[in-house]
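Source file: my_file_27.pdb (PDB, C-alpha atoms)
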```
ATOM      1  CA  MET A 266     -34.682 -36.724  33.208
ATOM      2  CA  CYS A 267     -37.890 -38.662  32.501
ATOM      3  CA  PRO A 268     -40.255 -37.041  29.975
ATOM      4  CA  SER A 269     -42.593 -34.394  31.386
ATOM      5  CA  ASN A 270     -46.325 -34.309  30.705
ATOM      6  CA  GLU A 271     -45.743 -31.318  28.431
ATOM      7  CA  GLU A 272     -43.149 -33.201  26.364
ATOM      8  CA  HIS A 273     -45.483 -36.166  26.058
ATOM      9  CA  SER A 274     -48.404 -33.965  24.963
ATOM     10  CA  LEU A 275     -46.212 -32.184  22.401
ATOM     11  CA  ARG A 276     -45.201 -35.489  20.844
ATOM     12  CA  MET A 277     -48.760 -36.770  20.863
ATOM     13  CA  ARG A 278     -49.822 -33.726  18.856
ATOM     14  CA  VAL A 279     -47.128 -34.512  16.285
ATOM     15  CA  VAL A 280     -48.391 -38.099  16.061
ATOM     16  CA  LYS A 281     -52.013 -36.957  15.661
ATOM     17  CA  ARG A 282     -51.142 -34.534  12.841
ATOM     18  CA  ILE A 283     -49.262 -37.207  10.920
ATOM     19  CA  GLU A 284     -51.975 -39.784  11.603
ATOM     20  CA  GLN A 285     -54.552 -37.442  10.069
ATOM     21  CA  VAL A 286     -52.517 -37.138   6.873
ATOM     22  CA  ILE A 287     -52.141 -40.917   6.655
ATOM     23  CA  TYR A 288     -55.820 -41.678   7.339
ATOM     24  CA  ASP A 289     -56.872 -39.111   4.737
ATOM     25  CA  LEU A 290     -54.757 -41.006   2.206
ATOM     26  CA  TRP A 291     -55.590 -44.545   3.347
ATOM     27  CA  PRO A 292     -58.698 -44.729   5.577
ATOM     28  CA  ASP A 293     -58.312 -48.486   6.092
ATOM     29  CA  SER A 294     -54.691 -48.313   7.230
ATOM     30  CA  LYS A 295     -53.486 -48.466  10.826
ATOM     31  CA  VAL A 296     -50.815 -46.288  12.419
ATOM     32  CA  GLU A 297     -48.828 -47.576  15.392
ATOM     33  CA  VAL A 298     -46.234 -45.850  17.553
ATOM     34  CA  PHE A 299     -43.208 -47.945  18.505
ATOM     35  CA  GLY A 300     -39.687 -47.376  19.774
ATOM     36  CA  SER A 301     -38.786 -45.126  22.692
ATOM     37  CA  PHE A 302     -41.989 -43.070  22.550
ATOM     38  CA  ARG A 303     -44.119 -46.184  23.016
ATOM     39  CA  THR A 304     -41.968 -47.377  25.923
ATOM     40  CA  GLY A 305     -41.565 -43.941  27.512
ATOM     41  CA  LEU A 306     -37.771 -44.339  27.439
ATOM     42  CA  TYR A 307     -37.040 -41.285  25.319
ATOM     43  CA  LEU A 308     -34.912 -38.175  25.686
ATOM     44  CA  PRO A 309     -35.964 -34.727  24.423
ATOM     45  CA  THR A 310     -33.760 -35.321  21.361
ATOM     46  CA  SER A 311     -35.230 -38.754  20.536
ATOM     47  CA  ASP A 312     -37.090 -39.442  17.293
ATOM     48  CA  ILE A 313     -40.694 -40.609  17.090
ATOM     49  CA  ASP A 314     -41.057 -43.966  15.322
ATOM     50  CA  LEU A 315     -44.281 -44.734  13.459
ATOM     51  CA  VAL A 316     -45.314 -47.712  11.376
ATOM     52  CA  VAL A 317     -48.190 -47.729   8.879
ATOM     53  CA  ILE A 318     -49.951 -51.067   8.393
ATOM     54  CA  GLY A 319     -51.892 -51.548   5.166
ATOM     55  CA  MET A 320     -52.299 -53.437   1.907
ATOM     56  CA  TRP A 321     -49.964 -52.234  -0.833
ATOM     57  CA  THR A 322     -48.218 -53.959  -3.709
ATOM     58  CA  ASN A 323     -45.525 -51.281  -3.649
ATOM     59  CA  LEU A 324     -44.837 -49.239  -0.526
ATOM     60  CA  PRO A 325     -46.239 -45.705  -1.073
ATOM     61  CA  LEU A 326     -43.245 -43.831   0.290
ATOM     62  CA  ARG A 327     -43.353 -41.047  -2.296
ATOM     63  CA  THR A 328     -47.111 -40.605  -1.913
ATOM     64  CA  LEU A 329     -46.686 -40.041   1.807
ATOM     65  CA  GLU A 330     -43.761 -37.706   1.237
ATOM     66  CA  ARG A 331     -45.848 -35.522  -1.078
ATOM     67  CA  ALA A 332     -48.826 -35.470   1.299
ATOM     68  CA  LEU A 333     -46.685 -34.436   4.275
ATOM     69  CA  LEU A 334     -45.256 -31.567   2.241
ATOM     70  CA  ASP A 335     -48.649 -30.523   0.860
ATOM     71  CA  GLN A 336     -50.147 -30.466   4.371
ATOM     72  CA  ASN A 337     -47.225 -28.376   5.649
ATOM     73  CA  ILE A 338     -46.285 -31.007   8.230
ATOM     74  CA  ALA A 339     -42.628 -31.403   7.368
ATOM     75  CA  GLU A 340     -39.791 -29.003   6.770
ATOM     76  CA  PRO A 341     -39.106 -29.435   3.007
ATOM     77  CA  SER A 342     -35.355 -29.626   3.552
ATOM     78  CA  SER A 343     -35.743 -32.288   6.235
ATOM     79  CA  ILE A 344     -37.890 -34.884   4.506
ATOM     80  CA  LYS A 345     -36.054 -37.858   3.039
ATOM     81  CA  VAL A 346     -37.246 -41.101   1.477
ATOM     82  CA  LEU A 347     -34.872 -43.984   2.149
ATOM     83  CA  ASP A 348     -36.349 -46.449  -0.315
ATOM     84  CA  LYS A 349     -33.142 -48.478  -0.740
ATOM     85  CA  ALA A 350     -32.665 -49.181   2.983
ATOM     86  CA  SER A 351     -33.242 -52.661   4.414
ATOM     87  CA  VAL A 352     -36.286 -51.118   6.113
ATOM     88  CA  PRO A 353     -37.560 -48.363   3.786
ATOM     89  CA  ILE A 354     -38.644 -45.271   5.717
ATOM     90  CA  VAL A 355     -39.729 -41.677   5.349
ATOM     91  CA  LYS A 356     -37.687 -39.378   7.597
ATOM     92  CA  LEU A 357     -38.871 -35.886   8.444
ATOM     93  CA  THR A 358     -38.698 -33.057  10.945
ATOM     94  CA  ASP A 359     -42.039 -31.754  12.176
ATOM     95  CA  LYS A 360     -42.340 -28.126  11.119
ATOM     96  CA  GLU A 361     -44.110 -26.938  14.279
ATOM     97  CA  THR A 362     -42.007 -28.661  16.946
ATOM     98  CA  GLU A 363     -38.763 -29.647  15.134
ATOM     99  CA  ILE A 364     -39.217 -33.182  16.464
ATOM    100  CA  LYS A 365     -37.776 -35.812  14.128
ATOM    101  CA  VAL A 366     -40.043 -38.619  12.926
ATOM    102  CA  ASP A 367     -39.306 -41.916  11.131
ATOM    103  CA  ILE A 368     -42.195 -43.620   9.324
ATOM    104  CA  SER A 369     -41.992 -47.210   8.081
ATOM    105  CA  PHE A 370     -44.552 -49.536   6.501
ATOM    106  CA  ASN A 371     -45.820 -53.010   7.486
ATOM    107  CA  MET A 372     -43.114 -53.733  10.057
ATOM    108  CA  ASN A 373     -44.698 -55.293  13.155
ATOM    109  CA  ASN A 374     -41.476 -56.208  14.945
ATOM    110  CA  GLY A 375     -40.987 -52.734  16.395
ATOM    111  CA  VAL A 376     -44.393 -52.730  18.080
ATOM    112  CA  LYS A 377     -43.829 -56.213  19.533
ATOM    113  CA  SER A 378     -40.393 -55.208  20.821
ATOM    114  CA  ALA A 379     -41.782 -52.085  22.503
ATOM    115  CA  ASP A 380     -44.505 -54.114  24.211
ATOM    116  CA  LEU A 381     -41.859 -56.588  25.408
ATOM    117  CA  ILE A 382     -39.842 -53.744  26.926
ATOM    118  CA  ASN A 383     -42.950 -52.387  28.662
ATOM    119  CA  SER A 384     -43.481 -55.785  30.266
ATOM    120  CA  PHE A 385     -39.901 -55.703  31.606
ATOM    121  CA  LYS A 386     -40.456 -52.169  32.937
ATOM    122  CA  LYS A 387     -43.235 -53.548  35.144
ATOM    123  CA  ARG A 388     -41.043 -56.423  36.305
ATOM    124  CA  PHE A 389     -37.996 -54.259  37.045
ATOM    125  CA  PRO A 390     -39.052 -50.879  38.532
ATOM    126  CA  VAL A 391     -35.499 -49.493  38.379
ATOM    127  CA  LEU A 392     -35.116 -50.268  34.659
ATOM    128  CA  GLU A 393     -36.546 -46.964  33.415
ATOM    129  CA  LYS A 394     -34.291 -44.749  35.553
ATOM    130  CA  LEU A 395     -31.160 -46.731  34.760
ATOM    131  CA  VAL A 396     -31.840 -46.729  31.021
ATOM    132  CA  MET A 397     -32.513 -42.978  30.970
ATOM    133  CA  VAL A 398     -29.229 -42.231  32.759
ATOM    134  CA  LEU A 399     -27.320 -44.508  30.387
ATOM    135  CA  LYS A 400     -28.967 -42.989  27.303
ATOM    136  CA  GLN A 401     -27.992 -39.496  28.439
ATOM    137  CA  PHE A 402     -24.475 -40.731  29.243
ATOM    138  CA  LEU A 403     -24.067 -42.096  25.704
ATOM    139  CA  LEU A 404     -25.685 -39.058  24.071
ATOM    140  CA  GLN A 405     -23.199 -36.694  25.697
ATOM    141  CA  ARG A 406     -20.345 -38.801  24.285
ATOM    142  CA  ASP A 407     -21.814 -39.205  20.778
ATOM    143  CA  LEU A 408     -22.141 -42.953  21.321
ATOM    144  CA  ASN A 409     -25.888 -43.240  20.784
ATOM    145  CA  GLU A 410     -25.869 -43.969  17.047
ATOM    146  CA  VAL A 411     -24.801 -47.283  15.529
ATOM    147  CA  PHE A 412     -23.568 -45.758  12.260
ATOM    148  CA  THR A 413     -21.086 -43.548  14.160
ATOM    149  CA  GLY A 414     -19.703 -46.424  16.231
ATOM    150  CA  GLY A 415     -22.168 -46.242  19.111
ATOM    151  CA  ILE A 416     -24.950 -48.504  20.341
ATOM    152  CA  SER A 417     -28.647 -48.548  19.522
ATOM    153  CA  SER A 418     -31.260 -47.711  22.127
ATOM    154  CA  TYR A 419     -32.798 -51.181  21.787
ATOM    155  CA  SER A 420     -29.459 -52.932  22.372
ATOM    156  CA  LEU A 421     -28.804 -50.753  25.408
ATOM    157  CA  ILE A 422     -32.189 -51.644  26.887
ATOM    158  CA  LEU A 423     -31.636 -55.376  26.335
ATOM    159  CA  MET A 424     -28.211 -55.115  27.986
ATOM    160  CA  THR A 425     -29.793 -53.362  30.972
ATOM    161  CA  ILE A 426     -32.546 -55.980  31.240
ATOM    162  CA  SER A 427     -29.956 -58.770  31.162
ATOM    163  CA  PHE A 428     -27.855 -56.951  33.773
ATOM    164  CA  LEU A 429     -30.837 -56.805  36.152
ATOM    165  CA  GLN A 430     -32.013 -60.355  35.432
ATOM    166  CA  LEU A 431     -28.629 -61.871  36.246
ATOM    167  CA  HIS A 432     -27.634 -59.536  39.075
ATOM    168  CA  PRO A 433     -26.448 -61.512  42.129
ATOM    169  CA  ARG A 434     -28.456 -59.312  44.518
ATOM    170  CA  GLN A 435     -32.149 -60.160  44.392
ATOM    171  CA  ASN A 436     -33.136 -56.646  45.480
ATOM    172  CA  ALA A 437     -31.025 -54.934  42.798
ATOM    173  CA  TYR A 438     -34.030 -54.181  40.604
ATOM    174  CA  CYS A 439     -36.375 -52.909  43.322
ATOM    175  CA  SER A 440     -37.688 -49.351  43.041
ATOM    176  CA  ASN A 441     -35.584 -48.215  46.032
ATOM    177  CA  ALA A 442     -32.313 -49.755  44.781
ATOM    178  CA  ASN A 443     -29.233 -47.502  44.781
ATOM    179  CA  LEU A 444     -29.094 -46.209  41.213
ATOM    180  CA  GLY A 445     -25.519 -44.931  41.547
ATOM    181  CA  VAL A 446     -24.255 -48.347  42.598
ATOM    182  CA  LEU A 447     -26.169 -50.038  39.778
ATOM    183  CA  LEU A 448     -24.726 -47.594  37.241
ATOM    184  CA  ILE A 449     -21.154 -48.332  38.335
ATOM    185  CA  GLU A 450     -21.847 -52.084  38.319
ATOM    186  CA  PHE A 451     -23.353 -51.856  34.807
ATOM    187  CA  LEU A 452     -20.298 -50.003  33.490
ATOM    188  CA  GLU A 453     -17.994 -52.438  35.279
ATOM    189  CA  LEU A 454     -19.764 -55.436  33.730
ATOM    190  CA  TYR A 455     -19.997 -54.251  30.141
ATOM    191  CA  GLY A 456     -16.868 -52.077  30.182
ATOM    192  CA  ARG A 457     -14.397 -54.463  31.779
ATOM    193  CA  LYS A 458     -15.720 -57.966  32.418
ATOM    194  CA  PHE A 459     -18.031 -58.951  29.564
ATOM    195  CA  ASN A 460     -16.486 -61.052  26.787
ATOM    196  CA  TYR A 461     -18.117 -59.700  23.638
ATOM    197  CA  VAL A 462     -16.269 -62.131  21.369
ATOM    198  CA  LYS A 463     -17.509 -65.328  23.005
ATOM    199  CA  THR A 464     -20.660 -64.368  24.911
ATOM    200  CA  GLY A 465     -24.162 -63.229  24.000
ATOM    201  CA  ILE A 466     -27.204 -62.405  26.129
ATOM    202  CA  ARG A 467     -30.735 -63.767  26.104
ATOM    203  CA  VAL A 468     -33.563 -62.076  28.007
ATOM    204  CA  LYS A 469     -36.238 -64.723  27.410
ATOM    205  CA  ASP A 470     -37.218 -67.196  30.137
ATOM    206  CA  GLY A 471     -35.559 -65.327  32.964
ATOM    207  CA  GLY A 472     -32.393 -64.428  31.091
ATOM    208  CA  THR A 473     -29.073 -66.157  30.582
ATOM    209  CA  TYR A 474     -25.681 -65.783  28.930
ATOM    210  CA  ILE A 475     -25.137 -67.842  25.792
ATOM    211  CA  SER A 476     -22.020 -69.032  24.027
ATOM    212  CA  LYS A 477     -21.765 -67.460  20.587
ATOM    213  CA  GLU A 478     -19.752 -70.447  19.350
ATOM    214  CA  GLU A 479     -22.403 -72.953  20.475
ATOM    215  CA  ASN A 480     -25.154 -70.762  19.041
ATOM    216  CA  ILE A 481     -23.437 -70.677  15.638
ATOM    217  CA  LEU A 482     -23.022 -74.470  15.686
ATOM    218  CA  CYS A 483     -26.732 -74.915  16.513
ATOM    219  CA  GLU A 484     -27.648 -72.710  13.546
ATOM    220  CA  VAL A 485     -25.311 -74.622  11.203
ATOM    221  CA  PHE A 486     -26.365 -78.115  12.233
TER     222      PHE A 486
END
```
What does the file become when written as structure tokens?
Amino acid sequence: MCPSNEEHSLRMRVVKRIEQVIYDLWPDSKVEVFGSFRTGLYLPTSDIDLVVIGMWTNLPLRTLERALLDQNIAEPSSIKVLDKASVPIVKLTDKETEIKVDISFNMNNGVKSADLINSFKKRFPVLEKLVMVLKQFLLQRDLNEVFTGGISSYSLILMTISFLQLHPRQNAYCSNANLGVLLIEFLELYGRKFNYVKTGIRVKDGGTYISKEENILCEVF
């Protein structure tokens, strides 16, 4: 279920082609991969997330759109500029591989979040396998997209990290832990026991549950 070397190489070639277009346009810019491709927690159907860091008064979404079309990178029918979104992006499907790519500008949070997840992967060896099983589980049930009533990949990963941090068995996150048992326990926790109305999770400083009511009061006062 984990990505093969061939899948990784295929995606890297997509990234390199798009990087070349961007660096031809803006030699002083910087392109960063974030999201599931940076963490390695991606399925064959997952998008590639890229962010372009540079100095612009107005984000050059349309300029990039035109360049990607001119260089024959994107399928013309697939490329979309979402300039009214809270995070403006260029969406496209790579013409050679049919891999979907989202490109944003000057958003560093995604890179920092991916690096945080990679640090948790080292701390919890079982995290990667459990997340990949859960992502496939949600994909098969059309529950992997927020706008269709599902859950985002990032939220799922944070829930899994919290589950492992607060697990009563100290060996639950070891590399030889029983993945089937952990999967059932995860579904039991978040499917039957967790109080979503009153409780939140925090993964910083070892992880804890937080009261949503107390958190709101702290923000107000």
- request: Would you list the contacts of segment 426-428 of chain A as JSON, numbers by chain, taking every protein, DNA or RNA residue within 7 Å and counting only C-alpha atoms, but skipping same-chain residues closer than 2 positions in sequence?
  value: {"A": [422, 423, 424, 430, 431, 432, 451, 466, 468, 472]}
Ground truth for the PyMOL selection byres ((chain A and resi 300) around 8), written as a list in words: Val298, Phe299, Ser301, Phe302, Arg303, Thr304, Ile313, Asp314, Gly375, Val376, Ser378 and Ala379 of chain A
- prompt: In Å, how far is it from atom CA of Glu330 of chain A to atom CA of Glu410 of chain A?
  reply: 24.7 Å
message: Given the PyMOL selection byres ((chain A and resi 388) around 12) and the file above, list the residues it selects as a PyMOL selection string.
response: chain A and resi 381-387+389-393+426+429-430+438-440+471
For the file shown, what are the residues hit by the PyMOL selection byres ((chain A and resi 315-324) around 7), laid out as a PDB file with C-alpha atoms, in the frame of the given file?
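This is the output file expr37.pdb:
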```
ATOM      1  CA  SER A 294     -54.691 -48.313   7.230  1.00  0.00           C
ATOM      2  CA  LYS A 295     -53.486 -48.466  10.826  1.00  0.00           C
ATOM      3  CA  VAL A 296     -50.815 -46.288  12.419  1.00  0.00           C
ATOM      4  CA  GLU A 297     -48.828 -47.576  15.392  1.00  0.00           C
ATOM      5  CA  VAL A 298     -46.234 -45.850  17.553  1.00  0.00           C
ATOM      6  CA  PHE A 299     -43.208 -47.945  18.505  1.00  0.00           C
ATOM      7  CA  ILE A 313     -40.694 -40.609  17.090  1.00  0.00           C
ATOM      8  CA  ASP A 314     -41.057 -43.966  15.322  1.00  0.00           C
ATOM      9  CA  PRO A 325     -46.239 -45.705  -1.073  1.00  0.00           C
ATOM     10  CA  LEU A 326     -43.245 -43.831   0.290  1.00  0.00           C
ATOM     11  CA  ASP A 367     -39.306 -41.916  11.131  1.00  0.00           C
ATOM     12  CA  ILE A 368     -42.195 -43.620   9.324  1.00  0.00           C
ATOM     13  CA  SER A 369     -41.992 -47.210   8.081  1.00  0.00           C
ATOM     14  CA  PHE A 370     -44.552 -49.536   6.501  1.00  0.00           C
ATOM     15  CA  ASN A 371     -45.820 -53.010   7.486  1.00  0.00           C
ATOM     16  CA  MET A 372     -43.114 -53.733  10.057  1.00  0.00           C
TER      17      MET A 372
END
```
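Of the listed residues A:Leu421, A:Ile416, A:Val366, A:Leu329, the one whose atoms come nearest to Ile287 of chain A is A:Leu329, with distances taken using all atoms listed in the file.
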message: Between atom CA of Leu275 of chain A and atom CA of Leu334 of chain A, what distance in Å does the model show, to one decimal?
response: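 According to the coordinates, atom CA of Leu275 of chain A and atom CA of Leu334 of chain A are separated by 20.2 Å.
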task: Take atom CA of Leu395 of chain A and atom CA of Leu444 of chain A and report the distance between them in Å, one decimal.
output: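 Computing it gives 6.8 Å between the two atoms.
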Which of A:Glu478, A:Asp407, A:His273, A:Leu399 sits closest to Leu452 of chain A [using all atoms listed in the file]: A:Leu399
task: Find the residue from A:Lys400, A:Arg278, A:Lys458, A:Arg331 that sits nearest to Val355 of chain A; use all atoms listed in the file when measuring.
output: A:Arg331
query: Could you pull the residues within 8 Å of Ser311 of chain A, counting all atoms listed in the file, minus those fewer than 4 positions along the same chain, as a ChimeraX atom specification?
result: /A:301,307,364-365
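Nearest-residue note for Val279 of chain A: choosing from A:Asp380, A:Glu450, A:Asp359, A:Asp293, the minimum distance belongs to A:Asp359, counting only C-alpha atoms.
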Kindly add N, CA and C atoms to the incomplete segment 333-351 of chain A and provide the output as a CSV table (one decimal), in the coordinates of the input.
```csv
chain,number,residue,atom,x,y,z
A,333,LEU,N,-47.2,-35.1,3.1
A,333,LEU,CA,-46.7,-34.4,4.3
A,333,LEU,C,-46.2,-33.0,3.9
A,334,LEU,N,-45.7,-32.9,2.7
A,334,LEU,CA,-45.3,-31.6,2.2
A,334,LEU,C,-46.5,-30.7,1.9
A,335,ASP,N,-47.5,-31.3,1.2
A,335,ASP,CA,-48.6,-30.5,0.9
A,335,ASP,C,-49.4,-30.0,2.1
A,336,GLN,N,-49.4,-30.8,3.1
A,336,GLN,CA,-50.1,-30.5,4.4
A,336,GLN,C,-49.3,-29.6,5.3
A,337,ASN,N,-48.1,-29.3,4.9
A,337,ASN,CA,-47.2,-28.4,5.6
A,337,ASN,C,-46.8,-29.0,7.0
A,338,ILE,N,-46.7,-30.3,7.0
A,338,ILE,CA,-46.3,-31.0,8.2
A,338,ILE,C,-44.8,-31.0,8.4
A,339,ALA,N,-44.1,-31.2,7.3
A,339,ALA,CA,-42.6,-31.4,7.4
A,339,ALA,C,-41.9,-30.2,6.8
A,340,GLU,N,-40.7,-30.0,7.4
A,340,GLU,CA,-39.8,-29.0,6.8
A,340,GLU,C,-39.3,-29.6,5.4
A,341,PRO,N,-39.5,-28.9,4.3
A,341,PRO,CA,-39.1,-29.4,3.0
A,341,PRO,C,-37.7,-29.9,2.9
A,342,SER,N,-36.8,-29.2,3.6
A,342,SER,CA,-35.4,-29.6,3.6
A,342,SER,C,-35.1,-30.8,4.4
A,343,SER,N,-36.0,-31.2,5.3
A,343,SER,CA,-35.7,-32.3,6.2
A,343,SER,C,-36.3,-33.6,5.8
A,344,ILE,N,-37.2,-33.6,4.9
A,344,ILE,CA,-37.9,-34.9,4.5
A,344,ILE,C,-37.0,-35.7,3.5
A,345,LYS,N,-36.9,-37.0,3.9
A,345,LYS,CA,-36.1,-37.9,3.0
A,345,LYS,C,-36.8,-39.2,2.9
A,346,VAL,N,-36.7,-39.8,1.7
A,346,VAL,CA,-37.2,-41.1,1.5
A,346,VAL,C,-36.1,-42.1,1.3
A,347,LEU,N,-35.9,-43.0,2.2
A,347,LEU,CA,-34.9,-44.0,2.1
A,347,LEU,C,-35.5,-45.3,1.6
A,348,ASP,N,-35.7,-45.3,0.3
A,348,ASP,CA,-36.3,-46.4,-0.3
A,348,ASP,C,-35.4,-47.6,-0.6
A,349,LYS,N,-34.1,-47.4,-0.5
A,349,LYS,CA,-33.1,-48.5,-0.7
A,349,LYS,C,-32.7,-49.1,0.6
A,350,ALA,N,-33.1,-48.6,1.7
A,350,ALA,CA,-32.7,-49.2,3.0
A,350,ALA,C,-33.3,-50.6,3.2
A,351,SER,N,-32.7,-51.3,4.1
A,351,SER,CA,-33.2,-52.7,4.4
A,351,SER,C,-34.7,-52.5,5.0
```
